[in-house]
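entry.cif, holding mmCIF, C-alpha atoms and all ligand atoms:
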data_input
loop_
_atom_site.label_atom_id
_atom_site.label_comp_id
_atom_site.auth_asym_id
_atom_site.auth_seq_id
_atom_site.Cartn_x
_atom_site.Cartn_y
_atom_site.Cartn_z
CA MET P 1 -146.62 119.86 180.20
CA VAL P 2 -146.69 118.16 176.81
CA GLU P 3 -143.66 116.14 175.79
CA TRP P 4 -142.63 115.98 172.13
CA THR P 5 -140.42 113.37 170.56
CA GLU P 6 -137.81 114.45 168.03
CA GLN P 7 -139.85 112.67 165.38
CA GLU P 8 -142.99 114.63 166.27
CA ARG P 9 -141.09 117.91 166.22
CA SER P 10 -139.62 117.11 162.86
CA ILE P 11 -143.00 116.11 161.38
CA ILE P 12 -144.69 119.31 162.59
CA ASN P 13 -141.84 121.50 161.37
CA GLY P 14 -141.86 119.68 158.04
CA ILE P 15 -145.59 120.21 157.52
CA PHE P 16 -145.33 123.94 158.18
CA ALA P 17 -142.11 124.40 156.21
CA ASN P 18 -143.86 123.08 153.10
CA LEU P 19 -147.22 124.69 153.68
CA ASP P 20 -148.94 126.76 151.00
CA TYR P 21 -150.60 129.21 153.40
CA GLU P 22 -152.89 130.84 150.83
CA ASP P 23 -154.25 127.57 149.53
CA ILE P 24 -154.54 125.57 152.76
CA GLY P 25 -155.66 128.47 154.96
CA SER P 26 -158.57 129.44 152.76
CA LYS P 27 -159.60 125.84 152.07
CA ALA P 28 -159.60 124.92 155.76
CA LEU P 29 -161.70 127.89 156.85
CA CYS P 30 -164.10 127.50 153.90
CA ARG P 31 -164.58 123.83 154.70
CA CYS P 32 -165.33 124.67 158.32
CA LEU P 33 -167.93 127.28 157.32
CA ILE P 34 -169.57 124.94 154.80
CA VAL P 35 -169.53 121.70 156.80
CA TYR P 36 -170.48 123.39 160.09
CA PRO P 37 -172.68 126.29 158.95
CA TRP P 38 -173.25 127.61 162.48
CA THR P 39 -169.64 128.74 162.50
CA GLN P 40 -170.66 131.39 159.92
CA ARG P 41 -172.29 133.45 162.66
CA TYR P 42 -168.93 134.87 163.76
CA PHE P 43 -168.19 136.20 160.29
CA GLY P 44 -171.21 138.47 159.85
CA ALA P 45 -168.95 141.34 158.83
CA PHE P 46 -167.22 139.32 156.12
CA GLY P 47 -169.72 139.93 153.32
CA ASN P 48 -171.39 137.24 151.23
CA LEU P 49 -171.52 133.76 152.80
CA TYR P 50 -174.80 132.87 151.09
CA ASN P 51 -173.75 129.45 149.80
CA ALA P 52 -170.67 127.26 149.36
CA GLU P 53 -169.65 129.02 146.15
CA ALA P 54 -169.93 132.44 147.79
CA ILE P 55 -167.84 131.27 150.75
CA LYS P 56 -165.15 129.78 148.51
CA THR P 57 -164.82 132.96 146.45
CA ASN P 58 -165.02 135.42 149.36
CA PRO P 59 -161.64 137.19 149.58
CA MET P 60 -162.12 138.19 153.23
CA ILE P 61 -162.62 134.55 154.20
CA ALA P 62 -159.55 133.50 152.21
CA ALA P 63 -157.46 136.18 153.91
CA HIS P 64 -158.72 135.19 157.33
CA GLY P 65 -157.86 131.55 156.70
CA VAL P 66 -154.28 132.62 156.02
CA LYS P 67 -154.28 134.72 159.20
CA ILE P 68 -155.37 131.70 161.24
CA LEU P 69 -152.59 129.55 159.76
CA HIS P 70 -150.05 132.23 160.60
CA GLY P 71 -151.54 132.14 164.09
CA LEU P 72 -150.46 128.48 164.18
CA ASP P 73 -146.87 129.41 163.27
CA ARG P 74 -146.51 130.79 166.75
CA ALA P 75 -147.29 127.40 168.24
CA VAL P 76 -144.85 125.68 165.87
CA LYS P 77 -142.08 128.03 166.96
CA ASN P 78 -142.91 127.57 170.65
CA MET P 79 -143.94 123.95 170.89
CA ASP P 80 -142.88 123.72 174.53
CA ASP P 81 -144.96 126.67 175.61
CA ILE P 82 -148.12 126.62 173.50
CA LYS P 83 -150.32 127.43 176.49
CA ALA P 84 -148.56 130.74 177.15
CA VAL P 85 -148.34 131.63 173.46
CA TYR P 86 -152.11 131.50 173.13
CA SER P 87 -153.21 133.05 176.37
CA GLU P 88 -154.05 136.42 174.78
CA LEU P 89 -155.61 134.88 171.70
CA SER P 90 -157.76 132.73 173.97
CA VAL P 91 -158.99 135.80 175.86
CA LEU P 92 -159.76 137.51 172.53
CA HIS P 93 -161.82 134.57 171.21
CA SER P 94 -163.61 134.20 174.51
CA GLU P 95 -164.30 137.71 175.74
CA LYS P 96 -164.38 139.77 172.59
CA LEU P 97 -165.32 137.41 169.76
CA HIS P 98 -167.47 135.05 171.90
CA VAL P 99 -166.45 132.08 169.77
CA ASP P 100 -167.75 128.82 171.25
CA PRO P 101 -164.55 126.85 172.01
CA ASP P 102 -166.05 123.64 170.53
CA ASN P 103 -165.48 125.31 167.19
CA PHE P 104 -161.70 125.20 167.57
CA ARG P 105 -161.78 121.43 167.25
CA LEU P 106 -164.05 121.61 164.21
CA LEU P 107 -161.64 123.94 162.45
CA ALA P 108 -158.70 121.75 163.50
CA ASP P 109 -160.43 118.73 161.93
CA CYS P 110 -161.05 120.64 158.71
CA LEU P 111 -157.41 121.67 158.61
CA THR P 112 -156.33 118.05 159.08
CA ILE P 113 -158.52 116.91 156.19
CA VAL P 114 -157.29 119.64 153.86
CA ILE P 115 -153.64 118.94 154.68
CA ALA P 116 -154.15 115.18 154.34
CA ALA P 117 -155.76 115.66 150.93
CA LYS P 118 -152.86 117.83 149.83
CA MET P 119 -150.11 115.52 151.15
CA GLY P 120 -151.70 112.31 149.90
CA PRO P 121 -149.77 109.15 150.88
CA ALA P 122 -147.14 111.24 152.72
CA PHE P 123 -149.81 111.89 155.34
CA ASN P 124 -149.17 108.51 156.96
CA ALA P 125 -150.26 107.37 160.42
CA ASP P 126 -147.20 108.84 162.16
CA THR P 127 -147.82 112.17 160.47
CA GLN P 128 -151.48 112.12 161.41
CA ALA P 129 -150.67 111.21 165.01
CA ALA P 130 -148.17 114.06 165.40
CA PHE P 131 -150.43 116.57 163.69
CA GLN P 132 -153.51 115.61 165.74
CA LYS P 133 -151.48 115.86 168.91
CA PHE P 134 -150.21 119.31 167.90
CA LEU P 135 -153.72 120.53 167.09
CA ALA P 136 -155.13 119.07 170.30
CA VAL P 137 -152.61 121.10 172.29
CA VAL P 138 -153.48 124.23 170.29
CA VAL P 139 -157.22 123.69 170.79
CA SER P 140 -156.75 123.15 174.50
CA ALA P 141 -154.58 126.30 174.82
CA LEU P 142 -157.11 128.40 172.90
CA GLY P 143 -159.86 127.17 175.22
CA ARG P 144 -158.00 127.81 178.44
CA GLN P 145 -159.09 131.38 179.15
CA TYR P 146 -162.79 130.54 178.89
CA HIS P 147 -164.78 130.60 182.12
NI1 LIG T 201 -159.80 132.94 165.15
C1 LIG T 201 -159.41 136.31 164.77
C2 LIG T 201 -156.37 132.53 165.20
C3 LIG T 201 -160.16 129.51 165.41
C4 LIG T 201 -163.19 133.26 164.67
N1 LIG T 201 -158.21 134.18 165.01
C5 LIG T 201 -158.26 135.55 164.85
C6 LIG T 201 -156.91 136.05 164.77
C7 LIG T 201 -156.06 134.99 164.87
C8 LIG T 201 -156.89 133.81 165.03
C9 LIG T 201 -154.52 134.99 164.84
C10 LIG T 201 -156.52 137.52 164.62
C11 LIG T 201 -156.41 138.10 166.01
C12 LIG T 201 -156.08 139.57 166.04
O1 LIG T 201 -156.55 140.31 165.16
O2 LIG T 201 -155.35 139.96 166.96
N2 LIG T 201 -158.52 131.34 165.31
C13 LIG T 201 -157.14 131.38 165.34
C14 LIG T 201 -156.62 130.04 165.49
C15 LIG T 201 -157.69 129.21 165.55
C16 LIG T 201 -158.88 130.02 165.43
C17 LIG T 201 -155.13 129.70 165.58
C18 LIG T 201 -157.77 127.71 165.69
C19 LIG T 201 -156.93 126.86 165.20
N3 LIG T 201 -161.37 131.63 165.09
C20 LIG T 201 -161.32 130.28 165.19
C21 LIG T 201 -162.65 129.70 165.05
C22 LIG T 201 -163.51 130.76 164.84
C23 LIG T 201 -162.70 131.98 164.86
C24 LIG T 201 -162.96 128.22 165.12
C25 LIG T 201 -165.01 130.77 164.63
C26 LIG T 201 -165.69 129.74 164.22
N4 LIG T 201 -161.08 134.50 164.80
C27 LIG T 201 -162.44 134.41 164.62
C28 LIG T 201 -162.99 135.72 164.36
C29 LIG T 201 -161.88 136.61 164.39
C30 LIG T 201 -160.70 135.82 164.68
C31 LIG T 201 -164.45 136.04 164.10
C32 LIG T 201 -161.93 138.13 164.18
C33 LIG T 201 -161.99 138.37 162.70
C34 LIG T 201 -162.01 139.81 162.30
O3 LIG T 201 -161.05 140.25 161.64
O4 LIG T 201 -162.97 140.49 162.63
#

Encoded form (structure tokens):
Amino acid sequence: MVEWTEQERSIINGIFANLDYEDIGSKALCRCLIVYPWTQRYFGAFGNLYNAEAIKTNPMIAAHGVKILHGLDRAVKNMDDIKAVYSELSVLHSEKLHVDPDNFRLLADCLTIVIAAKMGPAFNADTQAAFQKFLAVVVSALGRQYH
């Protein structure tokens, strides 16, 4: 069971309360697909991913990035029960989508970088520590139903 300090809770809530979902969601997923091109294989039905420009202007990718961020809202609202919140989503990624769970961490890292770039100096060490901890719990929960 993960313990959260009041400061960590407040940092995580603050990040999501001020989040521009359209901007950050699409940038994070695009970055993941560009930096780690093997992650493109799961998005074969999403149209043109031919190069970085095509990925960045692909509306289906942008929309999916937003969907993923809204998926994270559920963890923010249930920080004490992230494992249970993601049990179905973990089964979906494992059994139906066959997404290699290593990729969750890659996407989490891309999201951290995009948020850090957006927040600038406000993304201080305490903020990074809380956010990395939050994402580590999410990544672990999403990987739990794999066997
Ligand atoms: Ni992911 C669908 C959340 C990481 C590939 N994903 C979803 C959905 C949510 C979601 C929510 C929609 C489910 C539904 O329709 O019921 N995904 C998340 C979250 C993370 C994540 C919170 C990590 C932080 N997904 C990843 C990664 C990949 C990925 C790393 C591949 C590299 N996800 C997919 C694919 C779909 C998907 C593919 C189905 C897309 C579609 O619409 O066909």

Given the choices P:Tyr86, P:Tyr50, P:Trp4, P:Phe104, which gets closest to Leu29 of chain P if the distance is worked out from all atoms listed in the file?
-> P:Phe104

Could you please extract the residues within 9 Å of ligand LIG 201 (chain T), counting only C-alpha atoms and all ligand atoms, and hand them back as a short mmCIF file (atom, residue, chain, number, x, y, z; two decimals) with C-alpha atoms, in the coordinates of the input?
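Generated output (out_19.cif):
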data_model
loop_
_atom_site.label_atom_id
_atom_site.label_comp_id
_atom_site.auth_asym_id
_atom_site.auth_seq_id
_atom_site.Cartn_x
_atom_site.Cartn_y
_atom_site.Cartn_z
CA LEU P 29 -161.70 127.89 156.85
CA CYS P 32 -165.33 124.67 158.32
CA LEU P 33 -167.93 127.28 157.32
CA TYR P 36 -170.48 123.39 160.09
CA TRP P 38 -173.25 127.61 162.48
CA THR P 39 -169.64 128.74 162.50
CA GLN P 40 -170.66 131.39 159.92
CA ARG P 41 -172.29 133.45 162.66
CA TYR P 42 -168.93 134.87 163.76
CA PHE P 43 -168.19 136.20 160.29
CA GLY P 44 -171.21 138.47 159.85
CA ALA P 45 -168.95 141.34 158.83
CA PHE P 46 -167.22 139.32 156.12
CA MET P 60 -162.12 138.19 153.23
CA HIS P 64 -158.72 135.19 157.33
CA GLY P 65 -157.86 131.55 156.70
CA LYS P 67 -154.28 134.72 159.20
CA ILE P 68 -155.37 131.70 161.24
CA LEU P 69 -152.59 129.55 159.76
CA HIS P 70 -150.05 132.23 160.60
CA GLY P 71 -151.54 132.14 164.09
CA LEU P 72 -150.46 128.48 164.18
CA ASP P 73 -146.87 129.41 163.27
CA ARG P 74 -146.51 130.79 166.75
CA ALA P 75 -147.29 127.40 168.24
CA TYR P 86 -152.11 131.50 173.13
CA GLU P 88 -154.05 136.42 174.78
CA LEU P 89 -155.61 134.88 171.70
CA SER P 90 -157.76 132.73 173.97
CA LEU P 92 -159.76 137.51 172.53
CA HIS P 93 -161.82 134.57 171.21
CA LYS P 96 -164.38 139.77 172.59
CA LEU P 97 -165.32 137.41 169.76
CA HIS P 98 -167.47 135.05 171.90
CA VAL P 99 -166.45 132.08 169.77
CA ASP P 100 -167.75 128.82 171.25
CA PRO P 101 -164.55 126.85 172.01
CA ASP P 102 -166.05 123.64 170.53
CA ASN P 103 -165.48 125.31 167.19
CA PHE P 104 -161.70 125.20 167.57
CA ARG P 105 -161.78 121.43 167.25
CA LEU P 106 -164.05 121.61 164.21
CA LEU P 107 -161.64 123.94 162.45
CA ALA P 108 -158.70 121.75 163.50
CA LEU P 111 -157.41 121.67 158.61
CA LEU P 135 -153.72 120.53 167.09
CA VAL P 138 -153.48 124.23 170.29
CA VAL P 139 -157.22 123.69 170.79
CA LEU P 142 -157.11 128.40 172.90
#

Proximity to Thr127 of chain P - best of P:Ile82, P:Ile115, P:Val35, P:Ile24, only C-alpha atoms |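 So, comparing all the options, the nearest one is P:Ile115.
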
Would you kindly return, as a list in words, each protein, DNA or RNA residue with an atom no farther than 12 Å from any atom of Glu8 of chain P, considering all atoms listed in the file and excluding same-chain residues fewer than 5 positions away?
-> Val2, Glu3, Asn13, Gly14, Ile15, Val76, Met79, Ala125, Asp126, Thr127, Gln128, Ala129, Ala130, Phe131, Gln132, Lys133 and Phe134 of chain P

In Å, rounded to a single decimal, give me how far atom CA of Gln145 of chain P is from atom CA of Ser94 of chain P.
-> 7.1 Å

What separation in Å, quoted to one decimal, exists between atom CA of Ala62 of chain P and atom CA of Tyr146 of chain P?
-> 27.0 Å

For each of P:Val91, P:Ala63, P:Arg9, P:Asn48, take the minimum atom-to-atom distance to Ala28 of chain P, counting only C-alpha atoms, then give the residue where this is smallest.
-> P:Ala63

In Å, with one decimal, what is the gap from atom CA of Met1 of chain P to atom CA of Leu19 of chain P?
->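 Between atom CA of Met1 of chain P and atom CA of Leu19 of chain P the gap is 27.0 Å.
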
What residues have an atom no more than 9 Å from (-165.8, 129.8, 150.2) in the file's own frame, counting all atoms listed in the file, and can you write them as a VMD selection string?
-> chain P and resid 26 to 27 29 to 31 33 to 34 49 51 to 59 61 to 62
